[in-house]
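*Asks:* This is the structure I have questions about; it appears just below.
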Amino acid sequence: MKKGIRFLSSLLLAGAMVVPVAMQARDDHDHDKDHRYYDRDHHDYHNWDAREDQRYRSWYGEHYNGRDYRDYGRLNRRDQQAYWNWRHSHPDRDDDRH
């Protein structure tokens with residue numbers, strides 16, 4: 001009986017330790033969603049939402065045709081700035097609406 005209780009206790013403890021790690025891994029995968037990035041050259045912030053992600057994917061396809069997709073957060077600073085430069089020269093039609 002004691003072995004069964006020990007086994008169950010060990011199983012519960014292991015589960016309690018694994019769940020936070022699994023949640024962190026899930027958060028890391030979705031790190032770009034609902035995030036805000038600062039554009040140093042243009043001195044403004046950009047909210048990363050579904051629309052921004054779509055624009056980024058278009059830019060990435062144009063500039064890195066044939067390369068495996070990389071999340072914005074994994075680009076080096078120079079490439080991130082190249083995206084924001086492109087983004088400022090290609091605004092959405094409704095960006096000037098308030």
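Numbering starts fresh at 1 for the residues of each chain in the structure tokens, the chains themselves are lettered A, B, ... in the order given, and ligands are numbered from 1 as they appear.
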What residues in region 26-78 of chain A get the DSSP label strand (DSSP E)? Please answer as a PDB file with N, CA and C atoms, in the first residue's frame.
*Replies:*
```pdb
ATOM      1  N   HIS A  35       2.401  41.243 -29.020  1.00  0.00           N
ATOM      2  CA  HIS A  35       3.643  41.800 -28.486  1.00  0.00           C
ATOM      3  C   HIS A  35       3.834  43.184 -29.087  1.00  0.00           C
ATOM      4  N   ARG A  36       4.580  44.002 -28.405  1.00  0.00           N
ATOM      5  CA  ARG A  36       4.864  45.346 -28.880  1.00  0.00           C
ATOM      6  C   ARG A  36       6.355  45.487 -29.123  1.00  0.00           C
ATOM      7  N   TYR A  37       6.723  46.005 -30.287  1.00  0.00           N
ATOM      8  CA  TYR A  37       8.124  46.190 -30.632  1.00  0.00           C
ATOM      9  C   TYR A  37       8.421  47.671 -30.815  1.00  0.00           C
ATOM     10  N   TYR A  38       9.592  48.081 -30.382  1.00  0.00           N
ATOM     11  CA  TYR A  38      10.024  49.463 -30.544  1.00  0.00           C
ATOM     12  C   TYR A  38      10.904  49.580 -31.774  1.00  0.00           C
ATOM     13  N   ASP A  39      10.591  50.529 -32.620  1.00  0.00           N
ATOM     14  CA  ASP A  39      11.343  50.812 -33.833  1.00  0.00           C
ATOM     15  C   ASP A  39      12.283  51.979 -33.523  1.00  0.00           C
ATOM     16  N   ASP A  44       9.057  54.794 -32.717  1.00  0.00           N
ATOM     17  CA  ASP A  44       7.657  54.461 -32.444  1.00  0.00           C
ATOM     18  C   ASP A  44       7.518  52.989 -32.102  1.00  0.00           C
ATOM     19  N   TYR A  45       6.366  52.649 -31.593  1.00  0.00           N
ATOM     20  CA  TYR A  45       6.054  51.270 -31.219  1.00  0.00           C
ATOM     21  C   TYR A  45       5.121  50.658 -32.241  1.00  0.00           C
ATOM     22  N   HIS A  46       5.241  49.355 -32.400  1.00  0.00           N
ATOM     23  CA  HIS A  46       4.371  48.608 -33.294  1.00  0.00           C
ATOM     24  C   HIS A  46       3.769  47.435 -32.532  1.00  0.00           C
ATOM     25  N   ASN A  47       2.466  47.335 -32.565  1.00  0.00           N
ATOM     26  CA  ASN A  47       1.779  46.196 -31.958  1.00  0.00           C
ATOM     27  C   ASN A  47       1.819  45.035 -32.935  1.00  0.00           C
ATOM     28  N   TRP A  48       2.225  43.890 -32.441  1.00  0.00           N
ATOM     29  CA  TRP A  48       2.285  42.702 -33.295  1.00  0.00           C
ATOM     30  C   TRP A  48       0.980  41.949 -33.129  1.00  0.00           C
TER      31      TRP A  48
END
```
*Asks:* Find the residue from A:Arg6, A:His42, A:Arg93, A:Arg87 that sits nearest to Trp59 (chain A); use only C-alpha atoms when measuring.
*Replies:*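 Nearest to Trp59 (chain A): A:Arg87.
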*Asks:* Could you check which of A:Tyr83, A:Arg51, A:Leu75, A:Phe7 is closest to His63 (chain A), using only C-alpha atoms?
*Replies:* A:Tyr83
*Asks:* Any idea what the distance is between CA of Gln54 (chain A) and CA of Asp71 (chain A)?
*Replies:*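 Between these atoms lies a distance of 11.7 Å.
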